[in-house]
>>> print(open('run_5.cif').read())   # mmCIF, N, CA and C atoms and all ligand atoms
data_start
loop_
_atom_site.label_atom_id
_atom_site.label_comp_id
_atom_site.auth_asym_id
_atom_site.auth_seq_id
_atom_site.Cartn_x
_atom_site.Cartn_y
_atom_site.Cartn_z
N MET B 1 0.84 -1.21 0.00
CA MET B 1 0.00 0.00 0.00
C MET B 1 0.88 1.25 0.00
N ARG B 2 0.52 2.18 -0.84
CA ARG B 2 1.27 3.42 -0.94
C ARG B 2 0.71 4.45 0.04
N ILE B 3 1.56 5.01 0.84
CA ILE B 3 1.11 6.05 1.76
C ILE B 3 1.61 7.38 1.24
N THR B 4 0.71 8.25 0.93
CA THR B 4 1.13 9.57 0.44
C THR B 4 1.72 10.36 1.60
N ASN B 5 2.47 11.39 1.24
CA ASN B 5 3.10 12.23 2.25
C ASN B 5 2.06 12.90 3.15
N GLN B 6 0.98 13.38 2.53
CA GLN B 6 -0.12 14.01 3.29
C GLN B 6 -0.63 13.07 4.36
N ARG B 7 -0.87 11.85 3.91
CA ARG B 7 -1.44 10.86 4.81
C ARG B 7 -0.49 10.56 5.97
N LYS B 8 0.82 10.56 5.66
CA LYS B 8 1.82 10.29 6.68
C LYS B 8 1.83 11.40 7.74
N ILE B 9 1.71 12.65 7.27
CA ILE B 9 1.70 13.79 8.21
C ILE B 9 0.44 13.74 9.07
N ILE B 10 -0.70 13.43 8.47
CA ILE B 10 -1.95 13.32 9.21
C ILE B 10 -1.83 12.24 10.29
N LEU B 11 -1.27 11.11 9.90
CA LEU B 11 -1.08 10.00 10.84
C LEU B 11 -0.15 10.40 11.98
N GLU B 12 0.94 11.09 11.66
CA GLU B 12 1.90 11.51 12.69
C GLU B 12 1.26 12.49 13.67
N GLU B 13 0.49 13.45 13.15
CA GLU B 13 -0.17 14.42 14.04
C GLU B 13 -1.15 13.72 14.97
N LEU B 14 -1.87 12.76 14.42
CA LEU B 14 -2.87 12.06 15.22
C LEU B 14 -2.20 11.23 16.31
N ILE B 15 -1.09 10.58 16.00
CA ILE B 15 -0.40 9.75 16.99
C ILE B 15 0.14 10.62 18.13
N LYS B 16 0.55 11.85 17.81
CA LYS B 16 1.07 12.78 18.83
C LYS B 16 -0.02 13.25 19.80
N CYS B 17 -1.29 13.26 19.32
CA CYS B 17 -2.42 13.78 20.09
C CYS B 17 -2.99 12.68 20.97
N SER B 18 -3.06 12.91 22.27
CA SER B 18 -3.60 11.84 23.11
C SER B 18 -5.07 12.04 23.45
N HIS B 19 -5.65 13.16 23.03
CA HIS B 19 -7.04 13.41 23.44
C HIS B 19 -8.09 13.14 22.36
N HIS B 20 -7.70 12.39 21.31
CA HIS B 20 -8.67 11.94 20.32
C HIS B 20 -9.38 13.09 19.61
N PRO B 21 -8.63 13.85 18.81
CA PRO B 21 -9.20 15.03 18.16
C PRO B 21 -10.24 14.69 17.09
N GLY B 22 -11.07 15.67 16.78
CA GLY B 22 -12.00 15.56 15.66
C GLY B 22 -11.29 16.02 14.38
N ALA B 23 -11.96 15.89 13.24
CA ALA B 23 -11.35 16.23 11.94
C ALA B 23 -10.92 17.71 11.89
N ASP B 24 -11.73 18.61 12.46
CA ASP B 24 -11.41 20.04 12.43
C ASP B 24 -10.09 20.34 13.13
N GLU B 25 -9.90 19.69 14.27
CA GLU B 25 -8.66 19.94 15.03
C GLU B 25 -7.45 19.35 14.30
N ILE B 26 -7.61 18.17 13.72
CA ILE B 26 -6.51 17.55 12.96
C ILE B 26 -6.16 18.44 11.77
N TYR B 27 -7.19 18.98 11.13
CA TYR B 27 -6.99 19.90 10.01
C TYR B 27 -6.12 21.08 10.42
N ASN B 28 -6.41 21.68 11.58
CA ASN B 28 -5.61 22.82 12.05
C ASN B 28 -4.16 22.42 12.36
N LEU B 29 -3.95 21.22 12.87
CA LEU B 29 -2.60 20.74 13.16
C LEU B 29 -1.82 20.48 11.88
N VAL B 30 -2.49 19.84 10.91
CA VAL B 30 -1.83 19.46 9.66
C VAL B 30 -1.49 20.68 8.81
N ARG B 31 -2.32 21.72 8.92
CA ARG B 31 -2.11 22.95 8.13
C ARG B 31 -0.78 23.64 8.45
N LYS B 32 -0.22 23.35 9.65
CA LYS B 32 1.08 23.91 9.99
C LYS B 32 2.17 23.36 9.07
N SER B 33 2.04 22.09 8.64
CA SER B 33 3.03 21.54 7.71
C SER B 33 2.57 21.62 6.26
N ILE B 34 1.26 21.55 6.01
CA ILE B 34 0.73 21.62 4.64
C ILE B 34 -0.31 22.73 4.60
N PRO B 35 0.15 24.00 4.44
CA PRO B 35 -0.77 25.13 4.55
C PRO B 35 -1.95 25.11 3.57
N ARG B 36 -1.76 24.48 2.39
CA ARG B 36 -2.82 24.55 1.39
C ARG B 36 -3.78 23.37 1.40
N ILE B 37 -3.65 22.50 2.37
CA ILE B 37 -4.53 21.32 2.42
C ILE B 37 -5.96 21.78 2.76
N SER B 38 -6.97 21.08 2.26
CA SER B 38 -8.35 21.44 2.58
C SER B 38 -8.91 20.49 3.63
N LEU B 39 -9.96 20.94 4.30
CA LEU B 39 -10.61 20.11 5.32
C LEU B 39 -11.13 18.81 4.69
N GLY B 40 -11.66 18.93 3.45
CA GLY B 40 -12.17 17.74 2.76
C GLY B 40 -11.08 16.70 2.53
N THR B 41 -9.89 17.16 2.15
CA THR B 41 -8.76 16.24 1.92
C THR B 41 -8.36 15.57 3.22
N VAL B 42 -8.30 16.35 4.29
CA VAL B 42 -7.96 15.78 5.60
C VAL B 42 -9.00 14.72 5.97
N TYR B 43 -10.26 15.05 5.77
CA TYR B 43 -11.33 14.14 6.12
C TYR B 43 -11.26 12.84 5.32
N ARG B 44 -11.03 12.98 4.00
CA ARG B 44 -10.92 11.78 3.14
C ARG B 44 -9.74 10.90 3.57
N ASN B 45 -8.62 11.53 3.91
CA ASN B 45 -7.45 10.76 4.36
C ASN B 45 -7.72 10.06 5.69
N LEU B 46 -8.43 10.75 6.59
CA LEU B 46 -8.78 10.12 7.87
C LEU B 46 -9.68 8.91 7.64
N GLU B 47 -10.65 9.06 6.74
CA GLU B 47 -11.54 7.94 6.42
C GLU B 47 -10.75 6.78 5.84
N PHE B 48 -9.80 7.10 4.97
CA PHE B 48 -8.96 6.07 4.36
C PHE B 48 -8.14 5.34 5.42
N LEU B 49 -7.49 6.12 6.30
CA LEU B 49 -6.65 5.53 7.35
C LEU B 49 -7.49 4.64 8.28
N ALA B 50 -8.71 5.10 8.57
CA ALA B 50 -9.60 4.32 9.45
C ALA B 50 -10.03 3.03 8.75
N ALA B 51 -10.38 3.14 7.46
CA ALA B 51 -10.82 1.96 6.71
C ALA B 51 -9.70 0.94 6.55
N SER B 52 -8.45 1.42 6.50
CA SER B 52 -7.35 0.46 6.35
C SER B 52 -6.78 0.01 7.70
N GLY B 53 -7.44 0.42 8.79
CA GLY B 53 -7.07 -0.09 10.10
C GLY B 53 -5.83 0.54 10.72
N MET B 54 -5.37 1.67 10.16
CA MET B 54 -4.18 2.32 10.71
C MET B 54 -4.51 3.27 11.84
N ILE B 55 -5.77 3.72 11.89
CA ILE B 55 -6.25 4.54 13.00
C ILE B 55 -7.66 4.03 13.34
N LYS B 56 -8.21 4.52 14.43
CA LYS B 56 -9.58 4.14 14.76
C LYS B 56 -10.47 5.37 14.71
N LYS B 57 -11.69 5.16 14.22
CA LYS B 57 -12.68 6.22 14.21
C LYS B 57 -13.63 5.96 15.36
N LEU B 58 -13.82 6.95 16.20
CA LEU B 58 -14.68 6.79 17.37
C LEU B 58 -15.95 7.58 17.17
N ASP B 59 -17.06 6.95 17.48
CA ASP B 59 -18.34 7.63 17.35
C ASP B 59 -19.03 7.57 18.71
N PHE B 60 -19.19 8.73 19.32
CA PHE B 60 -19.83 8.77 20.63
C PHE B 60 -21.30 9.17 20.52
N GLY B 61 -21.81 9.10 19.31
CA GLY B 61 -23.23 9.33 19.11
C GLY B 61 -23.64 10.78 19.21
N ASN B 62 -22.68 11.70 19.32
CA ASN B 62 -23.06 13.11 19.41
C ASN B 62 -22.76 13.85 18.10
N GLY B 63 -22.59 13.08 17.03
CA GLY B 63 -22.43 13.70 15.71
C GLY B 63 -21.00 13.92 15.30
N GLN B 64 -20.12 14.28 16.24
CA GLN B 64 -18.74 14.56 15.86
C GLN B 64 -17.88 13.30 15.96
N LYS B 65 -17.29 12.91 14.85
CA LYS B 65 -16.39 11.76 14.85
C LYS B 65 -15.04 12.17 15.44
N ARG B 66 -14.48 11.29 16.26
CA ARG B 66 -13.16 11.55 16.82
C ARG B 66 -12.22 10.45 16.33
N PHE B 67 -10.93 10.78 16.28
CA PHE B 67 -9.98 9.84 15.73
C PHE B 67 -8.91 9.47 16.75
N ASP B 68 -8.43 8.22 16.64
CA ASP B 68 -7.51 7.66 17.62
C ASP B 68 -6.33 7.03 16.90
N GLY B 69 -5.11 7.49 17.23
CA GLY B 69 -3.91 6.92 16.64
C GLY B 69 -3.45 5.65 17.33
N ASN B 70 -4.10 5.31 18.42
CA ASN B 70 -3.77 4.10 19.17
C ASN B 70 -4.75 2.99 18.78
N ILE B 71 -4.25 2.00 18.01
CA ILE B 71 -5.18 0.97 17.52
C ILE B 71 -5.21 -0.28 18.41
N GLU B 72 -4.45 -0.25 19.51
CA GLU B 72 -4.55 -1.35 20.47
C GLU B 72 -5.94 -1.30 21.13
N PRO B 73 -6.51 -2.47 21.47
CA PRO B 73 -7.83 -2.43 22.12
C PRO B 73 -7.77 -1.69 23.46
N HIS B 74 -8.61 -0.71 23.63
CA HIS B 74 -8.69 0.00 24.90
C HIS B 74 -10.02 0.73 25.00
N ASP B 75 -10.40 1.08 26.22
CA ASP B 75 -11.65 1.78 26.45
C ASP B 75 -11.41 3.26 26.65
N HIS B 76 -12.49 4.03 26.54
CA HIS B 76 -12.38 5.49 26.61
C HIS B 76 -13.25 6.10 27.69
N PHE B 77 -12.79 7.24 28.15
CA PHE B 77 -13.55 8.06 29.07
C PHE B 77 -13.85 9.38 28.37
N ARG B 78 -15.09 9.83 28.42
CA ARG B 78 -15.45 11.10 27.78
C ARG B 78 -15.86 12.11 28.85
N CYS B 79 -15.25 13.30 28.79
CA CYS B 79 -15.63 14.36 29.71
C CYS B 79 -16.82 15.11 29.13
N VAL B 80 -17.90 15.19 29.88
CA VAL B 80 -19.12 15.83 29.38
C VAL B 80 -18.99 17.35 29.40
N ASN B 81 -17.98 17.87 30.09
CA ASN B 81 -17.80 19.32 30.18
C ASN B 81 -16.91 19.85 29.06
N CYS B 82 -15.67 19.34 28.96
CA CYS B 82 -14.75 19.88 27.94
C CYS B 82 -14.68 18.98 26.71
N ASN B 83 -15.40 17.83 26.73
CA ASN B 83 -15.50 16.95 25.57
C ASN B 83 -14.19 16.24 25.21
N THR B 84 -13.23 16.24 26.12
CA THR B 84 -11.99 15.50 25.85
C THR B 84 -12.29 14.01 25.95
N ILE B 85 -11.52 13.22 25.22
CA ILE B 85 -11.67 11.77 25.31
C ILE B 85 -10.32 11.19 25.72
N GLU B 86 -10.33 10.46 26.81
CA GLU B 86 -9.07 9.90 27.33
C GLU B 86 -9.10 8.39 27.25
N ASP B 87 -7.89 7.80 27.10
CA ASP B 87 -7.77 6.35 27.18
C ASP B 87 -7.86 5.94 28.63
N ILE B 88 -8.51 4.84 28.90
CA ILE B 88 -8.56 4.30 30.25
C ILE B 88 -7.35 3.36 30.40
N PRO B 89 -6.49 3.61 31.39
CA PRO B 89 -5.22 2.87 31.47
C PRO B 89 -5.32 1.49 32.11
N PHE B 90 -6.49 0.92 32.20
CA PHE B 90 -6.61 -0.43 32.74
C PHE B 90 -7.74 -1.13 31.99
N THR B 91 -7.82 -2.43 32.14
CA THR B 91 -8.83 -3.21 31.42
C THR B 91 -10.13 -3.21 32.21
N MET B 92 -11.22 -3.00 31.50
CA MET B 92 -12.53 -3.01 32.13
C MET B 92 -13.14 -4.40 31.98
N ASP B 93 -13.77 -4.89 33.00
CA ASP B 93 -14.44 -6.18 32.89
C ASP B 93 -15.87 -5.97 32.45
N ILE B 94 -16.21 -6.53 31.31
CA ILE B 94 -17.61 -6.49 30.86
C ILE B 94 -18.13 -7.91 30.98
N MET B 95 -19.33 -8.06 31.54
CA MET B 95 -19.94 -9.39 31.64
C MET B 95 -20.12 -9.95 30.23
N PRO B 96 -19.68 -11.17 29.98
CA PRO B 96 -19.90 -11.72 28.64
C PRO B 96 -21.38 -11.93 28.37
N LEU B 97 -21.75 -11.92 27.09
CA LEU B 97 -23.14 -12.16 26.72
C LEU B 97 -23.49 -13.62 26.98
N ASP B 98 -24.72 -13.86 27.39
CA ASP B 98 -25.21 -15.22 27.54
C ASP B 98 -25.57 -15.74 26.15
N GLU B 99 -24.67 -16.55 25.58
CA GLU B 99 -24.86 -17.00 24.20
C GLU B 99 -26.03 -17.95 24.02
N ASN B 100 -26.54 -18.49 25.10
CA ASN B 100 -27.69 -19.40 25.00
C ASN B 100 -29.03 -18.67 25.10
N HIS B 101 -28.97 -17.37 25.36
CA HIS B 101 -30.20 -16.60 25.46
C HIS B 101 -30.83 -16.46 24.07
N MET B 102 -32.16 -16.67 23.99
CA MET B 102 -32.86 -16.58 22.70
C MET B 102 -32.62 -15.26 21.98
N TRP B 103 -32.62 -14.19 22.74
CA TRP B 103 -32.43 -12.86 22.15
C TRP B 103 -31.08 -12.78 21.44
N VAL B 104 -30.03 -13.33 22.07
CA VAL B 104 -28.68 -13.30 21.50
C VAL B 104 -28.60 -14.23 20.30
N LYS B 105 -29.23 -15.42 20.42
CA LYS B 105 -29.17 -16.42 19.34
C LYS B 105 -29.77 -15.90 18.03
N LYS B 106 -30.75 -15.02 18.13
CA LYS B 106 -31.41 -14.51 16.92
C LYS B 106 -30.65 -13.38 16.26
N ARG B 107 -29.56 -12.98 16.84
CA ARG B 107 -28.82 -11.84 16.31
C ARG B 107 -27.36 -12.20 16.06
N ILE B 108 -26.67 -11.38 15.29
CA ILE B 108 -25.23 -11.53 15.13
C ILE B 108 -24.59 -10.34 15.83
N ILE B 109 -23.84 -10.62 16.86
CA ILE B 109 -23.23 -9.56 17.66
C ILE B 109 -21.81 -9.29 17.15
N TYR B 110 -21.53 -8.04 16.82
CA TYR B 110 -20.20 -7.67 16.34
C TYR B 110 -19.25 -7.27 17.47
N GLY B 111 -19.80 -6.74 18.53
CA GLY B 111 -18.92 -6.30 19.62
C GLY B 111 -19.72 -5.65 20.72
N MET B 112 -19.03 -5.26 21.77
CA MET B 112 -19.68 -4.59 22.88
C MET B 112 -18.88 -3.34 23.21
N ARG B 113 -19.59 -2.34 23.67
CA ARG B 113 -18.92 -1.10 24.00
C ARG B 113 -19.43 -0.60 25.33
N LEU B 114 -18.47 -0.21 26.14
CA LEU B 114 -18.81 0.32 27.45
C LEU B 114 -18.50 1.81 27.40
N GLU B 115 -19.46 2.64 27.74
CA GLU B 115 -19.17 4.07 27.71
C GLU B 115 -19.03 4.61 29.13
N ILE B 116 -17.90 5.22 29.37
CA ILE B 116 -17.67 5.82 30.68
C ILE B 116 -17.58 7.32 30.47
N TYR B 117 -18.36 8.09 31.20
CA TYR B 117 -18.33 9.53 31.01
C TYR B 117 -18.52 10.23 32.34
N GLY B 118 -18.14 11.48 32.37
CA GLY B 118 -18.22 12.25 33.60
C GLY B 118 -17.35 13.49 33.45
N LEU B 119 -16.67 13.88 34.52
CA LEU B 119 -15.79 15.04 34.46
C LEU B 119 -14.35 14.56 34.52
N CYS B 120 -13.50 15.09 33.63
CA CYS B 120 -12.08 14.70 33.63
C CYS B 120 -11.39 15.30 34.85
N ALA B 121 -10.12 14.96 35.05
CA ALA B 121 -9.40 15.43 36.24
C ALA B 121 -9.36 16.95 36.31
N ALA B 122 -9.10 17.63 35.18
CA ALA B 122 -9.02 19.10 35.18
C ALA B 122 -10.38 19.71 35.48
N CYS B 123 -11.45 19.19 34.84
CA CYS B 123 -12.79 19.74 35.06
C CYS B 123 -13.30 19.45 36.47
N SER B 124 -13.00 18.29 37.00
CA SER B 124 -13.52 17.99 38.34
C SER B 124 -12.76 18.80 39.40
N ALA B 125 -11.50 19.16 39.14
CA ALA B 125 -10.75 19.99 40.07
C ALA B 125 -11.29 21.43 40.08
N GLY B 126 -11.84 21.85 38.95
CA GLY B 126 -12.35 23.21 38.83
C GLY B 126 -13.76 23.39 39.38
N LYS B 127 -14.41 22.29 39.78
CA LYS B 127 -15.79 22.38 40.27
C LYS B 127 -15.84 22.70 41.76
ZN ZN B 201 -13.01 17.95 31.13
ZN ZN B 202 -8.01 5.92 22.57
#
>>> encode(input="run_5.cif", output="structure tokens")
Amino acid sequence: MRITNQRKIILEELIKCSHHPGADEIYNLVRKSIPRISLGTVYRNLEFLAASGMIKKLDFGNGQKRFDGNIEPHDHFRCVNCNTIEDIPFTMDIMPLDENHMWVKKRIIYGMRLEIYGLCAACSAGK
């Protein structure tokens, strides 16, 4: 697979960011190295990187997609005040699905997601 220079810079900026930026923020970061890049190009490259498994696209159901340069399996914490998204540094135990339950048997389950949200350390200190 050929990785264009643009795509490489986008990937590098995203890996440097630990708070899971949205496309707009990545666009502002990338513009420092590629001033003439458009938001659409950044977005298309992000979609490409996500589709090829080099980054993860996170959807918290609030309309704005966030991107993650860390593709290792991990869970996230979302701050409802400043909207930052942090990696949770330990493994969460989720009860496995009861595979013999009729409801489960009639469906194909792709995965499970646990959402943890509240106030981050900075926001909770300010309250
Ligand atoms: Zn916060
Ligand atoms: Zn993450």
>>> residues_near_ligand(input="run_5.cif", ligand="ligand ZN 202 (chain B)", cutoff="9 Å", atoms="only C-alpha atoms and all ligand atoms", output="ChimeraX atom specification")
/B:18-20,56,58,67-77,85-88
>>> write_last_selection(input="run_5.cif", atoms="N, CA and C atoms", output="mmCIF file, in the coordinates of the input")
data_model
loop_
_atom_site.group_PDB
_atom_site.id
_atom_site.type_symbol
_atom_site.label_atom_id
_atom_site.label_comp_id
_atom_site.auth_asym_id
_atom_site.auth_seq_id
_atom_site.Cartn_x
_atom_site.Cartn_y
_atom_site.Cartn_z
ATOM 1 N N SER B 18 -3.060 12.910 22.270
ATOM 2 C CA SER B 18 -3.600 11.840 23.110
ATOM 3 C C SER B 18 -5.070 12.040 23.450
ATOM 4 N N HIS B 19 -5.650 13.160 23.030
ATOM 5 C CA HIS B 19 -7.040 13.410 23.440
ATOM 6 C C HIS B 19 -8.090 13.140 22.360
ATOM 7 N N HIS B 20 -7.700 12.390 21.310
ATOM 8 C CA HIS B 20 -8.670 11.940 20.320
ATOM 9 C C HIS B 20 -9.380 13.090 19.610
ATOM 10 N N LYS B 56 -8.210 4.520 14.430
ATOM 11 C CA LYS B 56 -9.580 4.140 14.760
ATOM 12 C C LYS B 56 -10.470 5.370 14.710
ATOM 13 N N LEU B 58 -13.820 6.950 16.200
ATOM 14 C CA LEU B 58 -14.680 6.790 17.370
ATOM 15 C C LEU B 58 -15.950 7.580 17.170
ATOM 16 N N PHE B 67 -10.930 10.780 16.280
ATOM 17 C CA PHE B 67 -9.980 9.840 15.730
ATOM 18 C C PHE B 67 -8.910 9.470 16.750
ATOM 19 N N ASP B 68 -8.430 8.220 16.640
ATOM 20 C CA ASP B 68 -7.510 7.660 17.620
ATOM 21 C C ASP B 68 -6.330 7.030 16.900
ATOM 22 N N GLY B 69 -5.110 7.490 17.230
ATOM 23 C CA GLY B 69 -3.910 6.920 16.640
ATOM 24 C C GLY B 69 -3.450 5.650 17.330
ATOM 25 N N ASN B 70 -4.100 5.310 18.420
ATOM 26 C CA ASN B 70 -3.770 4.100 19.170
ATOM 27 C C ASN B 70 -4.750 2.990 18.780
ATOM 28 N N ILE B 71 -4.250 2.000 18.010
ATOM 29 C CA ILE B 71 -5.180 0.970 17.520
ATOM 30 C C ILE B 71 -5.210 -0.280 18.410
ATOM 31 N N GLU B 72 -4.450 -0.250 19.510
ATOM 32 C CA GLU B 72 -4.550 -1.350 20.470
ATOM 33 C C GLU B 72 -5.940 -1.300 21.130
ATOM 34 N N PRO B 73 -6.510 -2.470 21.470
ATOM 35 C CA PRO B 73 -7.830 -2.430 22.120
ATOM 36 C C PRO B 73 -7.770 -1.690 23.460
ATOM 37 N N HIS B 74 -8.610 -0.710 23.630
ATOM 38 C CA HIS B 74 -8.690 0.000 24.900
ATOM 39 C C HIS B 74 -10.020 0.730 25.000
ATOM 40 N N ASP B 75 -10.400 1.080 26.220
ATOM 41 C CA ASP B 75 -11.650 1.780 26.450
ATOM 42 C C ASP B 75 -11.410 3.260 26.650
ATOM 43 N N HIS B 76 -12.490 4.030 26.540
ATOM 44 C CA HIS B 76 -12.380 5.490 26.610
ATOM 45 C C HIS B 76 -13.250 6.100 27.690
ATOM 46 N N PHE B 77 -12.790 7.240 28.150
ATOM 47 C CA PHE B 77 -13.550 8.060 29.070
ATOM 48 C C PHE B 77 -13.850 9.380 28.370
ATOM 49 N N ILE B 85 -11.520 13.220 25.220
ATOM 50 C CA ILE B 85 -11.670 11.770 25.310
ATOM 51 C C ILE B 85 -10.320 11.190 25.720
ATOM 52 N N GLU B 86 -10.330 10.460 26.810
ATOM 53 C CA GLU B 86 -9.070 9.900 27.330
ATOM 54 C C GLU B 86 -9.100 8.390 27.250
ATOM 55 N N ASP B 87 -7.890 7.800 27.100
ATOM 56 C CA ASP B 87 -7.770 6.350 27.180
ATOM 57 C C ASP B 87 -7.860 5.940 28.630
ATOM 58 N N ILE B 88 -8.510 4.840 28.900
ATOM 59 C CA ILE B 88 -8.560 4.300 30.250
ATOM 60 C C ILE B 88 -7.350 3.360 30.400
#
>>> atom_distance(input="run_5.cif", atom1="atom CA of B:Ile109", atom2="atom CA of B:Ser52")
21.9 Å
>>> closest_atom_pairs(input="run_5.cif", of="chain B", to="ligand ZN 201 (chain B)", cutoff="6.5 Å", atoms="all atoms listed in the file", output="JSON lines")
{"residue": "B:Cys79", "atom": "CA", "partner": "B:ZN201", "partner_atom": "ZN", "distance": 4.7}
{"residue": "B:Val80", "atom": "N", "partner": "B:ZN201", "partner_atom": "ZN", "distance": 5.8}
{"residue": "B:Asn81", "atom": "C", "partner": "B:ZN201", "partner_atom": "ZN", "distance": 4.8}
{"residue": "B:Cys82", "atom": "N", "partner": "B:ZN201", "partner_atom": "ZN", "distance": 3.7}
{"residue": "B:Asn83", "atom": "N", "partner": "B:ZN201", "partner_atom": "ZN", "distance": 5.0}
{"residue": "B:Thr84", "atom": "N", "partner": "B:ZN201", "partner_atom": "ZN", "distance": 5.3}
{"residue": "B:Leu119", "atom": "C", "partner": "B:ZN201", "partner_atom": "ZN", "distance": 5.0}
{"residue": "B:Cys120", "atom": "N", "partner": "B:ZN201", "partner_atom": "ZN", "distance": 3.8}
{"residue": "B:Ala121", "atom": "N", "partner": "B:ZN201", "partner_atom": "ZN", "distance": 5.7}
{"residue": "B:Ala122", "atom": "C", "partner": "B:ZN201", "partner_atom": "ZN", "distance": 5.4}
{"residue": "B:Cys123", "atom": "N", "partner": "B:ZN201", "partner_atom": "ZN", "distance": 4.2}
{"residue": "B:Ser124", "atom": "N", "partner": "B:ZN201", "partner_atom": "ZN", "distance": 5.9}
>>> select_by_dssp(input="run_5.cif", residues="stretch 1-123 of chain B", states="strand (DSSP E)", output="number ranges by chain")
B: 56-59, 65-68, 76-79, 85-87, 116-118
>>> write_last_selection(input="run_5.cif", atoms="N, CA and C atoms", output="PDB file, in the frame of the given file")
ATOM      1  N   LYS B  56      -8.210   4.520  14.430  1.00  0.00           N
ATOM      2  CA  LYS B  56      -9.580   4.140  14.760  1.00  0.00           C
ATOM      3  C   LYS B  56     -10.470   5.370  14.710  1.00  0.00           C
ATOM      4  N   LYS B  57     -11.690   5.160  14.220  1.00  0.00           N
ATOM      5  CA  LYS B  57     -12.680   6.220  14.210  1.00  0.00           C
ATOM      6  C   LYS B  57     -13.630   5.960  15.360  1.00  0.00           C
ATOM      7  N   LEU B  58     -13.820   6.950  16.200  1.00  0.00           N
ATOM      8  CA  LEU B  58     -14.680   6.790  17.370  1.00  0.00           C
ATOM      9  C   LEU B  58     -15.950   7.580  17.170  1.00  0.00           C
ATOM     10  N   ASP B  59     -17.060   6.950  17.480  1.00  0.00           N
ATOM     11  CA  ASP B  59     -18.340   7.630  17.350  1.00  0.00           C
ATOM     12  C   ASP B  59     -19.030   7.570  18.710  1.00  0.00           C
ATOM     13  N   LYS B  65     -17.290  12.910  14.850  1.00  0.00           N
ATOM     14  CA  LYS B  65     -16.390  11.760  14.850  1.00  0.00           C
ATOM     15  C   LYS B  65     -15.040  12.170  15.440  1.00  0.00           C
ATOM     16  N   ARG B  66     -14.480  11.290  16.260  1.00  0.00           N
ATOM     17  CA  ARG B  66     -13.160  11.550  16.820  1.00  0.00           C
ATOM     18  C   ARG B  66     -12.220  10.450  16.330  1.00  0.00           C
ATOM     19  N   PHE B  67     -10.930  10.780  16.280  1.00  0.00           N
ATOM     20  CA  PHE B  67      -9.980   9.840  15.730  1.00  0.00           C
ATOM     21  C   PHE B  67      -8.910   9.470  16.750  1.00  0.00           C
ATOM     22  N   ASP B  68      -8.430   8.220  16.640  1.00  0.00           N
ATOM     23  CA  ASP B  68      -7.510   7.660  17.620  1.00  0.00           C
ATOM     24  C   ASP B  68      -6.330   7.030  16.900  1.00  0.00           C
ATOM     25  N   HIS B  76     -12.490   4.030  26.540  1.00  0.00           N
ATOM     26  CA  HIS B  76     -12.380   5.490  26.610  1.00  0.00           C
ATOM     27  C   HIS B  76     -13.250   6.100  27.690  1.00  0.00           C
ATOM     28  N   PHE B  77     -12.790   7.240  28.150  1.00  0.00           N
ATOM     29  CA  PHE B  77     -13.550   8.060  29.070  1.00  0.00           C
ATOM     30  C   PHE B  77     -13.850   9.380  28.370  1.00  0.00           C
ATOM     31  N   ARG B  78     -15.090   9.830  28.420  1.00  0.00           N
ATOM     32  CA  ARG B  78     -15.450  11.100  27.780  1.00  0.00           C
ATOM     33  C   ARG B  78     -15.860  12.110  28.850  1.00  0.00           C
ATOM     34  N   CYS B  79     -15.250  13.300  28.790  1.00  0.00           N
ATOM     35  CA  CYS B  79     -15.630  14.360  29.710  1.00  0.00           C
ATOM     36  C   CYS B  79     -16.820  15.110  29.130  1.00  0.00           C
ATOM     37  N   ILE B  85     -11.520  13.220  25.220  1.00  0.00           N
ATOM     38  CA  ILE B  85     -11.670  11.770  25.310  1.00  0.00           C
ATOM     39  C   ILE B  85     -10.320  11.190  25.720  1.00  0.00           C
ATOM     40  N   GLU B  86     -10.330  10.460  26.810  1.00  0.00           N
ATOM     41  CA  GLU B  86      -9.070   9.900  27.330  1.00  0.00           C
ATOM     42  C   GLU B  86      -9.100   8.390  27.250  1.00  0.00           C
ATOM     43  N   ASP B  87      -7.890   7.800  27.100  1.00  0.00           N
ATOM     44  CA  ASP B  87      -7.770   6.350  27.180  1.00  0.00           C
ATOM     45  C   ASP B  87      -7.860   5.940  28.630  1.00  0.00           C
ATOM     46  N   ILE B 116     -17.900   5.220  29.370  1.00  0.00           N
ATOM     47  CA  ILE B 116     -17.670   5.820  30.680  1.00  0.00           C
ATOM     48  C   ILE B 116     -17.580   7.320  30.470  1.00  0.00           C
ATOM     49  N   TYR B 117     -18.360   8.090  31.200  1.00  0.00           N
ATOM     50  CA  TYR B 117     -18.330   9.530  31.010  1.00  0.00           C
ATOM     51  C   TYR B 117     -18.520  10.230  32.340  1.00  0.00           C
ATOM     52  N   GLY B 118     -18.140  11.480  32.370  1.00  0.00           N
ATOM     53  CA  GLY B 118     -18.220  12.250  33.600  1.00  0.00           C
ATOM     54  C   GLY B 118     -17.350  13.490  33.450  1.00  0.00           C
TER      55      GLY B 118
END
>>> atom_distance(input="run_5.cif", atom1="atom CA of B:Asn28", atom2="atom CA of B:Gly61")
23.3 Å
>>> residues_around(input="run_5.cif", residues="B:Ile9", least_positions_apart="5", cutoff="6.5 Å", atoms="all atoms listed in the file", output="list in words")
Thr4, Leu14 and Val30 of chain B
